[in-house]
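Enquirer: For reference, the structure I am asking about is given below.
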Amino acid sequence: MKGFEPVTLTWRGASFTVKAEDQLRLIAEIEDALSDSKGTPAVLSLMRPGGPGYARLSAAYGAALRYAGADVTDQDIYLSINEELSEGDPTAAIRMQNAIIGLLAIVSPPAYRRLMMEDAEDTMGKPQGEGR
């Protein structure tokens, strides 16, 4: 069984790495940020179609970035998402998807590895959706 691995996140063009040994405490913060009234686990919130709402995503990503040493607030992230979307920035959705994948790598390394393995298989000629 593989354990936690360092995860690198980006914010405003800068990279921040969450060390493997720091992740378990961070997971609790991410779970708190992503929790909803139904008690949906963080990993399911991250993997469901559409992902988490922007406010929850901002809080979870903010917690992870701060853990890695970034000077950022949840409000900064939330306003950045909305600004990019309102401007019609075509790369905004990609950045949000990358944030969700980065959080998934922290919250559930096994699910992240499986997702990345399946994506690699899909790009190697395997028909999309097969085996999922």
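By convention in this document, the chains of the structure tokens carry letters A, B, ... by their order, each chain's residues are numbered from 1, and ligands are numbered from 1 in the order they are shown.
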Identify all residues of stretch 9-104 of chain A in strand (DSSP E) (DSSP on the backbone) and supply them as a list in words.
Expert: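 Those in stretch 9-104 of chain A that DSSP calls strand (DSSP E) are Leu9, Thr10, Trp11, Ala14, Ser15, Phe16, Thr17 and Val18 of chain A.
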Enquirer: So which residues touch A:Thr8 within 8 Å, counting only C-alpha atoms, skipping near sequence neighbours fewer than 2 positions away, as a VMD selection string?
Expert: chain A and resid 6 10 15 to 18 102
Enquirer: With distances taken over only C-alpha atoms, which residue among A:Ala64, A:Ala70, A:Ala93, A:Ala28 lies nearest A:Ala42?
Expert: A:Ala28
Enquirer: Where does stretch 75-105 of chain A meet stretch 46-57 of chain A within 7 Å, residue by residue, with the nearest atom pair and distance in Å to one decimal for each, counting only C-alpha atoms, listed by chain and rising number, as a Markdown table?
Expert:
| residue | atom | partner | partner_atom | distance |
| --- | --- | --- | --- | --- |
| A:Tyr78 | CA | A:Ala55 | CA | 6.2 |
| A:Ile100 | CA | A:Leu46 | CA | 6.1 |
| A:Leu104 | CA | A:Leu46 | CA | 6.6 |
Enquirer: Hey, what does DSSP flag as helix (DSSP H, G or I) within chain A? Can you give it to me as a count of residues only?
Expert: 79
Enquirer: Please measure the separation of atom CA of A:Ala59 and atom CA of A:Pro90, giving the value in Å to one decimal.
Expert: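 Between atom CA of A:Ala59 and atom CA of A:Pro90 the gap is 22.8 Å.
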Enquirer: For A:Val72, please output as a PyMOL selection string all residues within 10 Å (counting only C-alpha atoms; exclusion window: fewer than 5 positions along the same chain).
Expert: chain A and resi 11+61-63+65-66+77
Enquirer: Residues at most 10 Å from A:Gly3, counting only C-alpha atoms, excluding those fewer than 2 positions away in the same chain, as number ranges by chain?
Expert: A: 1, 5, 20-21, 108-110
Enquirer: Grab the atom CA of A:Thr91 to atom CA of A:Phe4 distance for me, in Å with one decimal place.
Expert: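 These two atoms are separated by 28.9 Å.
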Enquirer: Just the residues within 10 Å of A:Ser80, please, counting only C-alpha atoms, with nothing from its chain fewer than 5 positions along; format it as a ChimeraX atom specification.
Expert: /A:12,58,74-75,85-86,92
Enquirer: How about saving the chosen residues, C-alpha atoms kept, as an mmCIF file, in the first residue's frame?
Expert:
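See again-v4.cif below for the written result:
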data_model
loop_
_atom_site.group_PDB
_atom_site.id
_atom_site.type_symbol
_atom_site.label_atom_id
_atom_site.label_comp_id
_atom_site.auth_asym_id
_atom_site.auth_seq_id
_atom_site.Cartn_x
_atom_site.Cartn_y
_atom_site.Cartn_z
ATOM 1 C CA ARG A 12 -1.427 32.881 -9.431
ATOM 2 C CA SER A 58 -12.326 28.078 -2.282
ATOM 3 C CA ASP A 74 -10.514 31.884 0.842
ATOM 4 C CA GLN A 75 -12.101 35.132 -0.320
ATOM 5 C CA LEU A 85 -15.738 33.155 -15.112
ATOM 6 C CA SER A 86 -17.332 36.587 -15.556
ATOM 7 C CA ALA A 92 -10.894 29.028 -15.683
#
